[in-house]
file target27.cif (mmCIF, C-alpha atoms)
data_upload
loop_
_atom_site.label_atom_id
_atom_site.label_comp_id
_atom_site.auth_asym_id
_atom_site.auth_seq_id
_atom_site.Cartn_x
_atom_site.Cartn_y
_atom_site.Cartn_z
CA MET Z 22 -4.89 -47.57 39.15
CA LYS Z 23 -4.61 -50.40 36.70
CA SER Z 24 -7.66 -52.20 38.08
CA ALA Z 25 -9.79 -49.03 37.89
CA ALA Z 26 -8.82 -48.57 34.24
CA SER Z 27 -9.67 -52.17 33.37
CA ARG Z 28 -13.07 -51.83 35.07
CA ARG Z 29 -13.77 -48.68 33.07
CA GLY Z 30 -12.91 -50.55 29.86
CA ALA Z 31 -15.36 -53.34 30.75
CA SER Z 32 -18.05 -50.77 31.47
CA THR Z 33 -17.46 -49.10 28.10
CA ILE Z 34 -17.72 -52.43 26.28
CA LEU Z 35 -20.95 -53.24 28.11
CA GLU Z 36 -22.39 -49.82 27.26
CA LEU Z 37 -21.40 -50.33 23.62
CA ILE Z 38 -23.08 -53.75 23.47
CA VAL Z 39 -26.31 -52.44 25.02
CA THR Z 40 -26.32 -49.37 22.78
CA MET Z 41 -25.73 -51.38 19.61
CA THR Z 42 -28.47 -53.87 20.56
CA LEU Z 43 -30.97 -51.09 21.12
CA LEU Z 44 -29.88 -49.33 17.94
CA VAL Z 45 -30.38 -52.47 15.85
CA PHE Z 46 -33.76 -53.16 17.50
CA PHE Z 47 -35.09 -49.64 16.90
CA SER Z 48 -33.68 -49.58 13.36
CA PHE Z 49 -35.34 -52.81 12.22
CA PHE Z 50 -38.54 -52.66 14.28
CA PRO Z 51 -40.37 -50.33 11.83
CA VAL Z 52 -39.28 -52.47 8.88
CA GLU Z 53 -40.55 -55.66 10.53
CA VAL Z 54 -43.84 -54.03 11.51
CA SER Z 55 -44.27 -52.82 7.93
CA LEU Z 56 -43.66 -56.30 6.49
CA ILE Z 57 -46.07 -57.92 8.94
CA SER Z 58 -48.70 -55.28 8.25
CA GLN Z 59 -48.31 -55.80 4.51
CA LYS Z 60 -48.77 -59.57 4.84
CA ARG Z 61 -51.83 -59.05 7.05
CA MET Z 62 -53.35 -56.63 4.50
CA ILE Z 63 -52.74 -59.12 1.67
CA LEU Z 64 -54.42 -61.91 3.64
CA SER Z 65 -57.30 -59.61 4.53
CA GLU Z 66 -57.78 -58.74 0.87
CA VAL Z 67 -57.70 -62.42 -0.14
CA TRP Z 68 -60.31 -63.18 2.52
CA MET Z 69 -62.60 -60.33 1.38
CA VAL Z 70 -62.42 -61.53 -2.23
CA ALA Z 71 -63.18 -65.10 -1.07
CA LEU Z 72 -66.18 -63.81 0.88
CA GLN Z 73 -67.47 -61.91 -2.17
CA ASP Z 74 -66.93 -64.94 -4.42
CA ALA Z 75 -68.75 -67.17 -1.93
CA ALA Z 76 -71.70 -64.76 -1.93
CA GLN Z 77 -71.86 -64.85 -5.73
CA GLU Z 78 -71.54 -68.64 -5.89
CA GLY Z 79 -73.72 -69.33 -2.85
CA GLN Z 80 -71.05 -71.70 -1.57
CA VAL Z 81 -67.30 -72.16 -1.19
CA ASP Z 82 -66.62 -74.33 -4.20
CA GLY Z 83 -63.70 -74.99 -6.53
CA THR Z 84 -64.03 -71.59 -8.19
CA VAL Z 85 -63.68 -69.78 -4.88
CA MET Z 86 -60.74 -71.95 -3.80
CA ASN Z 87 -59.00 -71.47 -7.18
CA ASN Z 88 -59.35 -67.69 -6.81
CA VAL Z 89 -57.92 -67.85 -3.28
CA ASP Z 90 -54.99 -69.94 -4.52
CA ALA Z 91 -54.35 -67.56 -7.43
CA ASN Z 92 -54.50 -64.47 -5.19
CA LEU Z 93 -52.11 -65.99 -2.63
CA THR Z 94 -49.68 -67.15 -5.33
CA SER Z 95 -49.66 -63.78 -7.08
CA ASN Z 96 -48.79 -62.13 -3.75
CA GLY Z 97 -45.96 -64.54 -2.98
CA LEU Z 98 -47.73 -66.60 -0.30
CA ASP Z 99 -48.07 -70.38 -0.16
CA PRO Z 100 -51.66 -71.46 -0.98
CA SER Z 101 -51.09 -74.93 0.47
CA GLN Z 102 -50.95 -73.43 3.97
CA VAL Z 103 -54.34 -71.70 3.86
CA LYS Z 104 -57.33 -73.31 5.52
CA ILE Z 105 -60.88 -72.09 4.87
CA VAL Z 106 -63.77 -73.07 7.14
CA THR Z 107 -67.32 -72.37 5.97
CA ASN Z 108 -70.93 -73.26 6.62
CA ALA Z 109 -71.59 -73.39 2.86
CA PRO Z 110 -69.51 -76.26 1.51
CA SER Z 111 -69.45 -77.17 -2.16
CA GLY Z 112 -72.54 -78.95 -3.48
CA ASN Z 113 -75.09 -77.23 -1.25
CA PRO Z 114 -75.42 -73.59 -2.36
CA ILE Z 115 -77.30 -71.07 -0.26
CA VAL Z 116 -79.71 -69.21 -2.55
CA MET Z 117 -80.51 -65.51 -2.57
CA GLY Z 118 -83.32 -64.67 -0.17
CA SER Z 119 -82.27 -67.29 2.37
CA THR Z 120 -81.98 -66.11 5.96
CA THR Z 121 -78.81 -68.19 6.43
CA PRO Z 122 -75.66 -66.09 6.01
CA ILE Z 123 -72.55 -67.54 4.38
CA GLN Z 124 -69.73 -67.67 6.92
CA VAL Z 125 -66.12 -67.80 5.74
CA THR Z 126 -63.09 -68.05 8.04
CA LEU Z 127 -59.55 -67.99 6.64
CA TYR Z 128 -56.61 -69.36 8.63
CA TYR Z 129 -53.00 -68.76 7.58
CA PRO Z 130 -50.03 -69.81 9.77
CA ALA Z 131 -48.06 -67.04 11.45
CA THR Z 132 -44.30 -67.25 11.82
CA THR Z 133 -42.30 -66.87 15.03
CA ASP Z 134 -41.39 -63.28 14.27
CA VAL Z 135 -45.09 -62.42 14.09
CA GLN Z 136 -45.59 -64.01 17.51
CA ILE Z 137 -42.81 -61.83 18.89
CA MET Z 138 -44.32 -58.75 17.27
CA ASN Z 139 -47.70 -59.71 18.72
CA ALA Z 140 -46.17 -59.82 22.21
CA LEU Z 141 -44.47 -56.45 21.69
CA SER Z 142 -47.70 -54.93 20.38
CA ALA Z 143 -49.53 -56.15 23.46
CA LEU Z 144 -47.10 -54.18 25.62
CA ILE Z 145 -48.27 -50.92 24.05
CA GLY Z 146 -51.95 -51.86 23.99
CA GLU Z 147 -52.36 -52.79 20.33
CA PRO Z 148 -54.89 -55.49 19.41
CA ASN Z 149 -53.73 -59.03 18.69
CA LEU Z 150 -52.28 -59.53 15.22
CA ILE Z 151 -52.74 -63.29 15.45
CA GLN Z 152 -54.79 -65.93 17.25
CA THR Z 153 -53.66 -69.24 18.67
CA VAL Z 154 -55.67 -72.30 17.67
CA ASN Z 155 -54.66 -75.65 19.19
CA GLY Z 156 -51.20 -74.31 20.05
CA THR Z 157 -50.47 -72.98 16.54
CA ALA Z 158 -50.44 -69.27 15.76
CA TYR Z 159 -52.59 -68.17 12.83
CA TYR Z 160 -53.72 -65.05 11.09
CA VAL Z 161 -57.50 -65.42 11.32
CA PHE Z 162 -60.05 -63.54 9.23
CA SER Z 163 -63.70 -64.33 9.77
CA GLY Z 164 -67.00 -62.88 8.64
CA GLU Z 165 -70.30 -63.53 6.99
CA THR Z 166 -72.35 -62.26 4.10
CA MET Z 167 -75.72 -62.93 2.54
CA SER Z 168 -75.90 -64.98 -0.63
CA SER Z 169 -76.54 -63.34 -3.98
CA TYR Z 170 -76.67 -66.69 -5.79
CA ALA Z 171 -79.75 -67.16 -7.96
CA PRO Z 172 -80.00 -70.52 -9.75
CA TYR Z 173 -81.25 -70.34 -13.32
#

call {"tool": "encode", "arguments": {"input": "target27.cif", "output": "structure tokens"}}
result
Amino acid sequence: MKSAASRRGASTILELIVTMTLLVFFSFFPVEVSLISQKRMILSEVWMVALQDAAQEGQVDGTVMNNVDANLTSNGLDPSQVKIVTNAPSGNPIVMGSTTPIQVTLYYPATTDVQIMNALSALIGEPNLIQTVNGTAYYVFSGETMSSYAPY
């Protein structure tokens, strides 16, 4: 009888460990998803403002980059980690009426927890939260707009 009782105790401990693990996971999963979604929305907003600024300036110049840095800093993100790729670099503005759109792509590094959340989201059919570029995970926002820059 003693061995049956000790086996039952081990089973109870194992059940407790599994239950507590699942409880912690399901308790913190919504919080983590909320934080990741908030960061993604902030980065999306910063990118949209950068795209609008680039349209007004006709290029991605110091003014646009300063606004991006200020927006990231005011939202608690590190502006030194952002990378912006564009077809309208500073010094060569695209003028209004041109058929060439201004393309702006914003890259911001994603942390390991976001990569885990991305994998979990893929299990339930959600779209990718991040993209991998050269082995590094990034939030990527990309789009284009027409220039509204008119030199005077």

call {"tool": "resolve_selection", "arguments": {"input": "target27.cif", "expression": "the PyMOL selection byres ((chain Z and resi 172) around 12)", "output": "number ranges by chain"}}
result
Z: 77-79, 113-118, 168-171, 173

call {"tool": "atom_distance", "arguments": {"input": "target27.cif", "atom1": "atom CA of Phe162 of chain Z", "atom2": "atom CA of Thr121 of chain Z"}}
result
19.5 Å

call {"tool": "resolve_selection", "arguments": {"input": "target27.cif", "expression": "the PyMOL selection byres ((chain Z and resi 132-142) around 10)", "output": "JSON, numbers by chain"}}
result
{"Z": [50, 53, 54, 56, 57, 58, 129, 130, 131, 143, 144, 145, 146, 147, 148, 149, 150, 151, 152, 153, 157, 158, 159, 160]}

call {"tool": "atom_distance", "arguments": {"input": "target27.cif", "atom1": "atom CA of Thr107 of chain Z", "atom2": "atom CA of Ala91 of chain Z"}}
result
19.3 Å

call {"tool": "axis_aligned_box", "arguments": {"input": "target27.cif", "around": "segment 103-122 of chain Z", "padding_each_side": "4 Å", "output": "lines of an AutoDock Vina configuration file"}}
result
center_x = -68.8
center_y = -71.8
center_z = 1.8
size_x = 37.0
size_y = 22.3
size_z = 18.6

call {"tool": "atom_distance", "arguments": {"input": "target27.cif", "atom1": "atom CA of Val81 of chain Z", "atom2": "atom CA of Thr166 of chain Z"}}
result
12.3 Å

call {"tool": "resolve_selection", "arguments": {"input": "target27.cif", "expression": "the PyMOL selection byres ((chain Z and resi 64) around 10)", "output": "PyMOL selection string"}}
result
chain Z and resi 58-63+65-70+89+92-93+96+98+103+127-129+160-162

call {"tool": "residues_around", "arguments": {"input": "target27.cif", "residues": "Ser111 of chain Z", "least_positions_apart": "5", "cutoff": "12 Å", "atoms": "all atoms listed in the file", "output": "PyMOL selection string"}}
result
chain Z and resi 75+78-86+106

call {"tool": "closest_residue", "arguments": {"input": "target27.cif", "among": "Z:Phe46, Z:Lys104, Z:Gln73, Z:Pro110", "to": "Glu165 of chain Z", "atoms": "all atoms listed in the file"}}
result
Z:Gln73

call {"tool": "build_atoms", "arguments": {"input": "target27.cif", "residues": "segment 92-118 of chain Z", "atoms": "N, CA and C atoms", "output": "PDB file, in the frame of the given file"}}
result
ATOM      1  N   ASN Z  92     -54.816 -65.724  -5.889  1.00  0.00           N
ATOM      2  CA  ASN Z  92     -54.500 -64.470  -5.190  1.00  0.00           C
ATOM      3  C   ASN Z  92     -53.298 -64.643  -4.258  1.00  0.00           C
ATOM      4  N   LEU Z  93     -53.246 -65.760  -3.535  1.00  0.00           N
ATOM      5  CA  LEU Z  93     -52.110 -65.990  -2.630  1.00  0.00           C
ATOM      6  C   LEU Z  93     -50.814 -66.159  -3.421  1.00  0.00           C
ATOM      7  N   THR Z  94     -50.873 -66.923  -4.506  1.00  0.00           N
ATOM      8  CA  THR Z  94     -49.680 -67.150  -5.330  1.00  0.00           C
ATOM      9  C   THR Z  94     -49.170 -65.850  -5.941  1.00  0.00           C
ATOM     10  N   SER Z  95     -50.088 -65.027  -6.444  1.00  0.00           N
ATOM     11  CA  SER Z  95     -49.660 -63.780  -7.080  1.00  0.00           C
ATOM     12  C   SER Z  95     -49.059 -62.800  -6.071  1.00  0.00           C
ATOM     13  N   ASN Z  96     -49.361 -62.986  -4.791  1.00  0.00           N
ATOM     14  CA  ASN Z  96     -48.790 -62.130  -3.750  1.00  0.00           C
ATOM     15  C   ASN Z  96     -47.616 -62.779  -3.022  1.00  0.00           C
ATOM     16  N   GLY Z  97     -47.145 -63.915  -3.536  1.00  0.00           N
ATOM     17  CA  GLY Z  97     -45.960 -64.540  -2.980  1.00  0.00           C
ATOM     18  C   GLY Z  97     -46.189 -65.367  -1.731  1.00  0.00           C
ATOM     19  N   LEU Z  98     -47.433 -65.778  -1.466  1.00  0.00           N
ATOM     20  CA  LEU Z  98     -47.730 -66.600  -0.300  1.00  0.00           C
ATOM     21  C   LEU Z  98     -48.054 -68.016  -0.746  1.00  0.00           C
ATOM     22  N   ASP Z  99     -47.891 -68.966   0.160  1.00  0.00           N
ATOM     23  CA  ASP Z  99     -48.070 -70.380  -0.160  1.00  0.00           C
ATOM     24  C   ASP Z  99     -49.543 -70.771   0.011  1.00  0.00           C
ATOM     25  N   PRO Z 100     -50.250 -71.099  -1.088  1.00  0.00           N
ATOM     26  CA  PRO Z 100     -51.660 -71.460  -0.980  1.00  0.00           C
ATOM     27  C   PRO Z 100     -51.908 -72.790  -0.281  1.00  0.00           C
ATOM     28  N   SER Z 101     -50.889 -73.644  -0.193  1.00  0.00           N
ATOM     29  CA  SER Z 101     -51.090 -74.930   0.470  1.00  0.00           C
ATOM     30  C   SER Z 101     -51.234 -74.791   1.984  1.00  0.00           C
ATOM     31  N   GLN Z 102     -50.868 -73.628   2.527  1.00  0.00           N
ATOM     32  CA  GLN Z 102     -50.950 -73.430   3.970  1.00  0.00           C
ATOM     33  C   GLN Z 102     -52.281 -72.833   4.415  1.00  0.00           C
ATOM     34  N   VAL Z 103     -53.085 -72.343   3.480  1.00  0.00           N
ATOM     35  CA  VAL Z 103     -54.340 -71.700   3.860  1.00  0.00           C
ATOM     36  C   VAL Z 103     -55.397 -72.765   4.175  1.00  0.00           C
ATOM     37  N   LYS Z 104     -56.223 -72.433   5.156  1.00  0.00           N
ATOM     38  CA  LYS Z 104     -57.330 -73.310   5.520  1.00  0.00           C
ATOM     39  C   LYS Z 104     -58.579 -72.427   5.577  1.00  0.00           C
ATOM     40  N   ILE Z 105     -59.633 -72.849   4.880  1.00  0.00           N
ATOM     41  CA  ILE Z 105     -60.880 -72.090   4.870  1.00  0.00           C
ATOM     42  C   ILE Z 105     -61.976 -72.955   5.488  1.00  0.00           C
ATOM     43  N   VAL Z 106     -62.653 -72.393   6.475  1.00  0.00           N
ATOM     44  CA  VAL Z 106     -63.770 -73.070   7.140  1.00  0.00           C
ATOM     45  C   VAL Z 106     -65.032 -72.296   6.782  1.00  0.00           C
ATOM     46  N   THR Z 107     -66.085 -73.024   6.395  1.00  0.00           N
ATOM     47  CA  THR Z 107     -67.320 -72.370   5.970  1.00  0.00           C
ATOM     48  C   THR Z 107     -68.532 -73.201   6.354  1.00  0.00           C
ATOM     49  N   ASN Z 108     -69.680 -72.543   6.400  1.00  0.00           N
ATOM     50  CA  ASN Z 108     -70.930 -73.260   6.620  1.00  0.00           C
ATOM     51  C   ASN Z 108     -71.642 -73.556   5.292  1.00  0.00           C
ATOM     52  N   ALA Z 109     -71.011 -73.173   4.194  1.00  0.00           N
ATOM     53  CA  ALA Z 109     -71.590 -73.390   2.860  1.00  0.00           C
ATOM     54  C   ALA Z 109     -70.615 -74.178   2.000  1.00  0.00           C
ATOM     55  N   PRO Z 110     -70.452 -75.475   2.296  1.00  0.00           N
ATOM     56  CA  PRO Z 110     -69.510 -76.260   1.510  1.00  0.00           C
ATOM     57  C   PRO Z 110     -70.023 -76.487   0.084  1.00  0.00           C
ATOM     58  N   SER Z 111     -69.135 -76.935  -0.760  1.00  0.00           N
ATOM     59  CA  SER Z 111     -69.450 -77.170  -2.160  1.00  0.00           C
ATOM     60  C   SER Z 111     -70.554 -78.224  -2.293  1.00  0.00           C
ATOM     61  N   GLY Z 112     -71.474 -77.989  -3.214  1.00  0.00           N
ATOM     62  CA  GLY Z 112     -72.540 -78.950  -3.480  1.00  0.00           C
ATOM     63  C   GLY Z 112     -73.865 -78.588  -2.825  1.00  0.00           C
ATOM     64  N   ASN Z 113     -73.856 -77.615  -1.925  1.00  0.00           N
ATOM     65  CA  ASN Z 113     -75.090 -77.230  -1.250  1.00  0.00           C
ATOM     66  C   ASN Z 113     -75.177 -75.700  -1.200  1.00  0.00           C
ATOM     67  N   PRO Z 114     -75.433 -75.055  -2.342  1.00  0.00           N
ATOM     68  CA  PRO Z 114     -75.420 -73.590  -2.360  1.00  0.00           C
ATOM     69  C   PRO Z 114     -76.576 -72.978  -1.569  1.00  0.00           C
ATOM     70  N   ILE Z 115     -76.282 -71.849  -0.956  1.00  0.00           N
ATOM     71  CA  ILE Z 115     -77.300 -71.070  -0.260  1.00  0.00           C
ATOM     72  C   ILE Z 115     -77.828 -70.057  -1.271  1.00  0.00           C
ATOM     73  N   VAL Z 116     -79.134 -70.066  -1.511  1.00  0.00           N
ATOM     74  CA  VAL Z 116     -79.710 -69.210  -2.550  1.00  0.00           C
ATOM     75  C   VAL Z 116     -80.058 -67.830  -2.012  1.00  0.00           C
ATOM     76  N   MET Z 117     -80.154 -66.873  -2.922  1.00  0.00           N
ATOM     77  CA  MET Z 117     -80.510 -65.510  -2.570  1.00  0.00           C
ATOM     78  C   MET Z 117     -81.903 -65.510  -1.924  1.00  0.00           C
ATOM     79  N   GLY Z 118     -82.060 -64.729  -0.887  1.00  0.00           N
ATOM     80  CA  GLY Z 118     -83.320 -64.670  -0.170  1.00  0.00           C
ATOM     81  C   GLY Z 118     -83.344 -65.556   1.064  1.00  0.00           C
TER      82      GLY Z 118
END
